[in-house]
Amino acid sequence: MQAPKAKKIAQLLETHGHQRTDNYYWMRDRDNPEVIDYLNAENEYLKTTLQSTEEFQEKLFQEMKGRIKEDDESVPYLKSGYYWYVKYETGGEYPLYCRKKGNLDATEDIFLDVNLLAEGKAYYQVGGTAATSDLKTLAFATDDVGRRIYEIQFKDLETGEILPDRIPDITGNFAWAADNQTLFYSKQDPETLRSYQIYSHKLGTPTASDKLIYEEKDEEFSCVVHKTKSEKFILIHSESTISSELRFLNASTPLGEFQVLQSRIPFLEYAADHYEDHFWIRTNHEAQNFKLVKAPISNPSLENWEDVIPHRESVLLEDFDIFSHFLVVQERTKGLCNINIRPWDGTSGHYLQFDDETYTAWISTNPEFETDILRFGYNSLVTPASTFDYHMVTKEKTLLKQQEIVGGYDSADYNSARIWAKASDDVMVPISLVYKIDKFKPGGSNPLLLYSYGSYGYSMDAYFSSSRLSLLDRGFVFAIAHIRGGEDLGRAWYEDGKMLKKRNTFTDYISCAEHLIAEKYTSPEHLYAMGGSAGGLLMGAVMNMRPDLFNGLIASVPFVDVVTTMLDESIPLTTGEFQEWGNPKNSEYYQYMLSYSPYDNVEAKDYPNLLITSGLHDSQVQYWEPTKWVAKLRELKTDTKLLLLHTNMEAGHGGASGRFNSLKELALEYTFLLYLEKLT
């Protein structure tokens, strides 16, 4: 079968006197039958090209699915006299939300069965869930398209009845007031999908009478609503990439007026929780790596902020949790997570100890104040996801659950390590990697998959994946490049990989690839790159800069048409991201974006083998970006290597819904890699 050919209709785009010709601009029209026909033709071309691997794909899917315990459940947590948990049953794609009253031997109450709700639907997802404080009513958000546009429904937890109230076209973010009748929720702009309004709904009243509480007028800001851990306050959190503003209201007075905690100031970020008569605030005020302050509820503005944990140059303060006798702080030092326990009584604190060389640890679900038990999570490249309870007085650590790998798994069969690569400006960049010991071959002949993201200050920690074993057991090395643009080594690490320093993200990744080759972990003939969304931008940029480094590349829902997208303020997310990428209406940013935008820099040259995936209903990276990119690559590339596009016609940014359906897409991606290595 011949590769699909897209028609060329030149669209002239002019900015700052500079002209660009976009032959595939017409693909933005999802209502055009020719667009759908082209997407279907690309899907068929991929299926035909990889037809010989169909049995292997199914085998791989069953292999990955077979490692997952089908009848599984989360570790219950105690809140308001109930133990709450989520479980899956054999044969079910979707979760069951459950609770038990008083103790774990009590009768199970399945208060939400998503399998029943999803019957007959190609896509289905439950977003947020929240019960009223009297535990009589449940609010839950549902999406049956994949565009992350939700409808709130309500269930009577005493009778099991689904109530008639429905709130359509919302974000899925909401919080109950203390009266058990008023729900605050956020709503998005129907065109840009920016979350910009907060409404209140009274149970039993028409949605049309819902009251607009707050509207965010600044198009670079979005807003959400949530409750403090104490459940005493409702917070409206307005946020841009560089600034925050919180409003608070006593949850017992839902008809009252929200007060501003601290008015927005450019480059001032903060988030708050409540304890006793103070707000506890994580902020970057005169603190690049953030610090913890407290402020009296009666007058919480900036001039009354008192340092609790001062700023530290070498420690990023990521999160905190408050208990009646302890303050717990999640930090990051030299790229690794640490959890610090600090008693309120002034006695010395301590850190939890972790053994792996590279790992992930985090504060987990801790809804209760009056407890000395901290729930935390841990995993590493060789340690399955684990949930612990830690007694903050006795320092006793109890493993409650570790992810079970059906069929058996022995961590001693695998080796994980952290190495460092020197970037082009001599900065040292960490790399986490893992491989199966008896499959690793010295000399550079190992196939290696190098994964990364590198944007929005999102730290890409070393994590365990049972599905990844299908690569490791076939001889692959898996590596994560902790490049700038993430926050892995602190806030400066992020600042050095955004705006007019964005190219550091790409050159860091290239340096990591070169280092892995130089250290004989792999070679260009066996090196593969992978990233999604903004990590897909990374893939497109490094592929244009150094196509010779990689044998193959996977770009999932890739953000690749940077300039055109950032010039179009009608597209979801654009205005809110000017402080991440820059605003191309400014000539300096336009020229800089143009220098790395993957779509704008496709050339007539050889490229690696490529698999590109997208979702027709994607609200974050519109389907046309990867589609246009593939069409332009087909037009210009000079090699005969694989170029495959897979569009999920029924899903959005997160891919297929359901517990196992997403594994079919992963099986396709892994098959692509193993096919190129002749291991199918």
# chains A, B, ... in the order shown; residues from 1 in each chain; ligands from 1

call {"tool": "residues_around", "arguments": {"residues": "Lys211 of chain A", "least_positions_apart": "3", "cutoff": "8 Å", "atoms": "only C-alpha atoms", "output": "PyMOL selection string"}}
result
chain A and resi 199-201

call {"tool": "select_by_dssp", "arguments": {"residues": "segment 211-283 of chain A", "states": "strand (DSSP E)", "output": "count of residues only"}}
result
41

call {"tool": "select_by_dssp", "arguments": {"residues": "segment 391-559 of chain A", "states": "helix (DSSP H, G or I)", "output": "PyMOL selection string"}}
result
chain A and resi 411-413+437-439+469-472+491-495+499-501+503-518+524-526+534-545+547-549

call {"tool": "write_last_selection", "arguments": {"atoms": "C-alpha atoms", "output": "PDB file, in the first residue's frame"}}
result
ATOM      1  CA  SER A 411      13.996  -6.913  41.332  1.00  0.00           C
ATOM      2  CA  ALA A 412      17.413  -8.587  41.712  1.00  0.00           C
ATOM      3  CA  ASP A 413      17.248  -9.495  38.011  1.00  0.00           C
ATOM      4  CA  ILE A 437      21.274  -7.820  34.020  1.00  0.00           C
ATOM      5  CA  ASP A 438      21.495 -11.030  31.974  1.00  0.00           C
ATOM      6  CA  LYS A 439      20.402  -9.232  28.792  1.00  0.00           C
ATOM      7  CA  LEU A 469       9.346  -5.264  31.468  1.00  0.00           C
ATOM      8  CA  SER A 470       8.316  -6.339  27.958  1.00  0.00           C
ATOM      9  CA  LEU A 471      11.152  -4.180  26.630  1.00  0.00           C
ATOM     10  CA  LEU A 472      13.700  -4.922  29.371  1.00  0.00           C
ATOM     11  CA  ARG A 491      13.399  25.961  40.051  1.00  0.00           C
ATOM     12  CA  ALA A 492      16.429  27.297  38.158  1.00  0.00           C
ATOM     13  CA  TRP A 493      16.446  24.030  36.180  1.00  0.00           C
ATOM     14  CA  TYR A 494      12.987  24.942  34.923  1.00  0.00           C
ATOM     15  CA  GLU A 495      13.782  28.601  34.275  1.00  0.00           C
ATOM     16  CA  MET A 499      11.027  31.024  26.990  1.00  0.00           C
ATOM     17  CA  LEU A 500      14.232  32.276  25.331  1.00  0.00           C
ATOM     18  CA  LYS A 501      16.217  29.422  26.914  1.00  0.00           C
ATOM     19  CA  ARG A 503      16.732  25.293  23.240  1.00  0.00           C
ATOM     20  CA  ASN A 504      18.574  24.102  26.381  1.00  0.00           C
ATOM     21  CA  THR A 505      15.878  21.442  26.670  1.00  0.00           C
ATOM     22  CA  PHE A 506      16.741  20.064  23.253  1.00  0.00           C
ATOM     23  CA  THR A 507      20.521  20.298  23.524  1.00  0.00           C
ATOM     24  CA  ASP A 508      20.409  18.659  26.976  1.00  0.00           C
ATOM     25  CA  TYR A 509      18.557  15.709  25.489  1.00  0.00           C
ATOM     26  CA  ILE A 510      21.042  15.437  22.639  1.00  0.00           C
ATOM     27  CA  SER A 511      23.920  15.533  25.142  1.00  0.00           C
ATOM     28  CA  CYS A 512      22.294  12.713  27.104  1.00  0.00           C
ATOM     29  CA  ALA A 513      21.935  10.663  23.923  1.00  0.00           C
ATOM     30  CA  GLU A 514      25.574  11.288  23.001  1.00  0.00           C
ATOM     31  CA  HIS A 515      26.713  10.350  26.515  1.00  0.00           C
ATOM     32  CA  LEU A 516      24.826   7.045  26.442  1.00  0.00           C
ATOM     33  CA  ILE A 517      26.492   6.260  23.134  1.00  0.00           C
ATOM     34  CA  ALA A 518      29.947   7.300  24.363  1.00  0.00           C
ATOM     35  CA  PRO A 524      22.935   5.288  16.971  1.00  0.00           C
ATOM     36  CA  GLU A 525      21.814   2.125  15.165  1.00  0.00           C
ATOM     37  CA  HIS A 526      20.002   0.993  18.321  1.00  0.00           C
ATOM     38  CA  ALA A 534       5.417  18.932  25.076  1.00  0.00           C
ATOM     39  CA  GLY A 535       7.770  15.947  25.074  1.00  0.00           C
ATOM     40  CA  GLY A 536       6.593  15.450  21.489  1.00  0.00           C
ATOM     41  CA  LEU A 537       7.881  18.944  20.747  1.00  0.00           C
ATOM     42  CA  LEU A 538      11.190  17.746  22.187  1.00  0.00           C
ATOM     43  CA  MET A 539      11.117  14.782  19.816  1.00  0.00           C
ATOM     44  CA  GLY A 540      10.464  16.952  16.781  1.00  0.00           C
ATOM     45  CA  ALA A 541      13.158  19.470  17.689  1.00  0.00           C
ATOM     46  CA  VAL A 542      15.942  16.948  18.389  1.00  0.00           C
ATOM     47  CA  MET A 543      14.977  14.993  15.275  1.00  0.00           C
ATOM     48  CA  ASN A 544      15.468  18.092  13.154  1.00  0.00           C
ATOM     49  CA  MET A 545      18.727  18.953  14.910  1.00  0.00           C
ATOM     50  CA  PRO A 547      18.454  12.880  13.042  1.00  0.00           C
ATOM     51  CA  ASP A 548      21.662  10.841  12.808  1.00  0.00           C
ATOM     52  CA  LEU A 549      21.562  10.002  16.533  1.00  0.00           C
TER      53      LEU A 549
END

call {"tool": "closest_residue", "arguments": {"among": "A:Gln579, A:Asn551, A:Thr159, A:Ser240", "to": "Asp606 of chain A", "atoms": "only C-alpha atoms"}}
result
A:Asn551

call {"tool": "atom_distance", "arguments": {"atom1": "atom CA of Gly349 of chain A", "atom2": "atom CA of Ile309 of chain A"}}
result
12.5 Å

call {"tool": "closest_atom_pairs", "arguments": {"of": "segment 17-82 of chain A", "to": "segment 612-632 of chain A", "cutoff": "7 Å", "atoms": "only C-alpha atoms", "output": "Markdown table"}}
result
| residue | atom | partner | partner_atom | distance |
| --- | --- | --- | --- | --- |
| A:Tyr24 | CA | A:Lys628 | CA | 5.7 |
| A:Met27 | CA | A:Trp624 | CA | 5.9 |
| A:Arg28 | CA | A:Trp624 | CA | 5.5 |

call {"tool": "closest_residue", "arguments": {"among": "A:Glu650, A:Asp218, A:Phe140, A:Arg484", "to": "Tyr123 of chain A", "atoms": "only C-alpha atoms"}}
result
A:Glu650

call {"tool": "atom_distance", "arguments": {"atom1": "atom CA of Lys69 of chain A", "atom2": "atom CA of Leu112 of chain A"}}
result
20.7 Å

call {"tool": "residues_around", "arguments": {"residues": "Tyr599 of chain A", "least_positions_apart": "2", "cutoff": "7 Å", "atoms": "only C-alpha atoms", "output": "PDB file with N, CA, C and O atoms, in the first residue's frame"}}
result
ATOM      1  N   VAL A 560       3.843  20.280  17.924  1.00  0.00           N
ATOM      2  CA  VAL A 560       4.918  20.492  16.946  1.00  0.00           C
ATOM      3  C   VAL A 560       4.742  21.728  16.069  1.00  0.00           C
ATOM      4  O   VAL A 560       5.704  22.191  15.456  1.00  0.00           O
ATOM      5  N   ASP A 561       3.529  22.280  16.009  1.00  0.00           N
ATOM      6  CA  ASP A 561       3.305  23.473  15.179  1.00  0.00           C
ATOM      7  C   ASP A 561       3.289  24.690  16.102  1.00  0.00           C
ATOM      8  O   ASP A 561       2.288  25.382  16.260  1.00  0.00           O
ATOM      9  N   SER A 597      10.664  25.324  16.115  1.00  0.00           N
ATOM     10  CA  SER A 597       9.363  24.704  15.871  1.00  0.00           C
ATOM     11  C   SER A 597       9.506  23.526  14.905  1.00  0.00           C
ATOM     12  O   SER A 597       9.926  23.699  13.757  1.00  0.00           O
ATOM     13  N   ASN A 601      10.545  23.517  10.697  1.00  0.00           N
ATOM     14  CA  ASN A 601      11.941  23.201  10.394  1.00  0.00           C
ATOM     15  C   ASN A 601      12.133  21.851   9.722  1.00  0.00           C
ATOM     16  O   ASN A 601      13.253  21.338   9.655  1.00  0.00           O
ATOM     17  N   VAL A 602      11.036  21.264   9.222  1.00  0.00           N
ATOM     18  CA  VAL A 602      11.170  20.043   8.427  1.00  0.00           C
ATOM     19  C   VAL A 602      11.940  20.371   7.155  1.00  0.00           C
ATOM     20  O   VAL A 602      11.658  21.366   6.478  1.00  0.00           O
ATOM     21  N   TRP A 629       2.216  17.634  10.452  1.00  0.00           N
ATOM     22  CA  TRP A 629       3.649  17.307  10.557  1.00  0.00           C
ATOM     23  C   TRP A 629       3.981  16.087   9.709  1.00  0.00           C
ATOM     24  O   TRP A 629       4.957  16.085   8.951  1.00  0.00           O
TER      25      TRP A 629
END

call {"tool": "residues_around", "arguments": {"residues": "Glu58 of chain A", "least_positions_apart": "5", "cutoff": "12 Å", "atoms": "only C-alpha atoms", "output": "list of chain:residue names"}}
result
A:Gln51, A:Ser52, A:Thr53, A:Glu63, A:Met64, A:Lys65, A:Gly66, A:Asn661, A:Leu663, A:Lys664, A:Glu665, A:Leu666, A:Ala667, A:Leu668, A:Tyr670, A:Thr671, A:Thr680

call {"tool": "residues_around", "arguments": {"residues": "Leu96 of chain A", "least_positions_apart": "4", "cutoff": "12 Å", "atoms": "only C-alpha atoms", "output": "PyMOL selection string"}}
result
chain A and resi 71-74+84-90+92+108-118+126+659

call {"tool": "residues_around", "arguments": {"residues": "Pro300 of chain A", "least_positions_apart": "6", "cutoff": "10 Å", "atoms": "only C-alpha atoms", "output": "ChimeraX atom specification"}}
result
/A:260-262,278-281,294

call {"tool": "write_last_selection", "arguments": {"atoms": "all heavy atoms", "output": "short mmCIF file (atom, residue, chain, number, x, y, z; two decimals), in the first residue's frame"}}
result
data_model
loop_
_atom_site.label_atom_id
_atom_site.label_comp_id
_atom_site.auth_asym_id
_atom_site.auth_seq_id
_atom_site.Cartn_x
_atom_site.Cartn_y
_atom_site.Cartn_z
N VAL A 260 -9.76 38.18 49.10
CA VAL A 260 -8.46 37.93 48.48
C VAL A 260 -7.42 37.69 49.56
O VAL A 260 -7.31 38.48 50.52
CB VAL A 260 -8.03 39.12 47.59
CG1 VAL A 260 -6.61 38.90 47.05
CG2 VAL A 260 -9.02 39.29 46.44
N LEU A 261 -6.67 36.61 49.44
CA LEU A 261 -5.60 36.33 50.39
C LEU A 261 -4.42 37.27 50.14
O LEU A 261 -3.95 37.96 51.04
CB LEU A 261 -5.18 34.86 50.28
CG LEU A 261 -4.32 34.30 51.41
CD1 LEU A 261 -4.47 32.78 51.49
CD2 LEU A 261 -2.85 34.65 51.26
N GLN A 262 -3.94 37.30 48.90
CA GLN A 262 -2.89 38.23 48.48
C GLN A 262 -3.10 38.54 47.01
O GLN A 262 -3.16 37.64 46.19
CB GLN A 262 -1.49 37.63 48.70
CG GLN A 262 -0.36 38.35 47.98
CD GLN A 262 -0.26 39.83 48.35
OE1 GLN A 262 -0.34 40.18 49.53
NE2 GLN A 262 -0.10 40.70 47.37
N HIS A 278 -4.16 30.24 61.17
CA HIS A 278 -3.27 30.73 60.12
C HIS A 278 -3.51 30.01 58.79
O HIS A 278 -3.99 28.87 58.76
CB HIS A 278 -1.80 30.51 60.51
CG HIS A 278 -1.29 31.48 61.53
ND1 HIS A 278 -1.55 31.37 62.87
CD2 HIS A 278 -0.52 32.61 61.40
CE1 HIS A 278 -0.98 32.36 63.53
NE2 HIS A 278 -0.35 33.14 62.67
N PHE A 279 -3.17 30.69 57.73
CA PHE A 279 -2.95 30.04 56.44
C PHE A 279 -1.47 29.70 56.35
O PHE A 279 -0.60 30.50 56.73
CB PHE A 279 -3.35 30.95 55.27
CG PHE A 279 -4.83 31.08 55.09
CD1 PHE A 279 -5.45 32.33 55.18
CD2 PHE A 279 -5.62 29.97 54.83
CE1 PHE A 279 -6.82 32.46 55.02
CE2 PHE A 279 -6.99 30.09 54.66
CZ PHE A 279 -7.59 31.32 54.76
N TRP A 280 -1.18 28.52 55.83
CA TRP A 280 0.19 28.06 55.62
C TRP A 280 0.44 28.08 54.13
O TRP A 280 -0.31 27.46 53.35
CB TRP A 280 0.38 26.68 56.24
CG TRP A 280 0.16 26.75 57.72
CD1 TRP A 280 -1.06 26.84 58.36
CD2 TRP A 280 1.15 26.80 58.74
NE1 TRP A 280 -0.88 26.95 59.72
CE2 TRP A 280 0.46 26.92 59.99
CE3 TRP A 280 2.55 26.74 58.73
CZ2 TRP A 280 1.14 26.99 61.19
CZ3 TRP A 280 3.21 26.81 59.93
CH2 TRP A 280 2.52 26.94 61.15
N ILE A 281 1.47 28.78 53.71
CA ILE A 281 1.61 29.19 52.31
C ILE A 281 2.96 28.76 51.75
O ILE A 281 4.01 29.12 52.31
CB ILE A 281 1.45 30.72 52.18
CG1 ILE A 281 0.08 31.15 52.74
CG2 ILE A 281 1.62 31.17 50.74
CD1 ILE A 281 -0.03 32.65 53.00
N LYS A 294 3.65 31.45 57.07
CA LYS A 294 2.29 31.43 57.62
C LYS A 294 1.80 32.86 57.74
O LYS A 294 2.59 33.81 57.85
CB LYS A 294 2.25 30.71 58.96
CG LYS A 294 2.99 31.40 60.10
CD LYS A 294 2.80 30.62 61.40
CE LYS A 294 3.45 31.33 62.57
NZ LYS A 294 3.23 30.62 63.86
#

call {"tool": "residues_around", "arguments": {"residues": "Asp461 of chain A", "least_positions_apart": "6", "cutoff": "12 Å", "atoms": "only C-alpha atoms", "output": "count of residues only"}}
result
31

call {"tool": "atom_distance", "arguments": {"atom1": "atom CA of Thr241 of chain A", "atom2": "atom CA of Pro266 of chain A"}}
result
9.8 Å
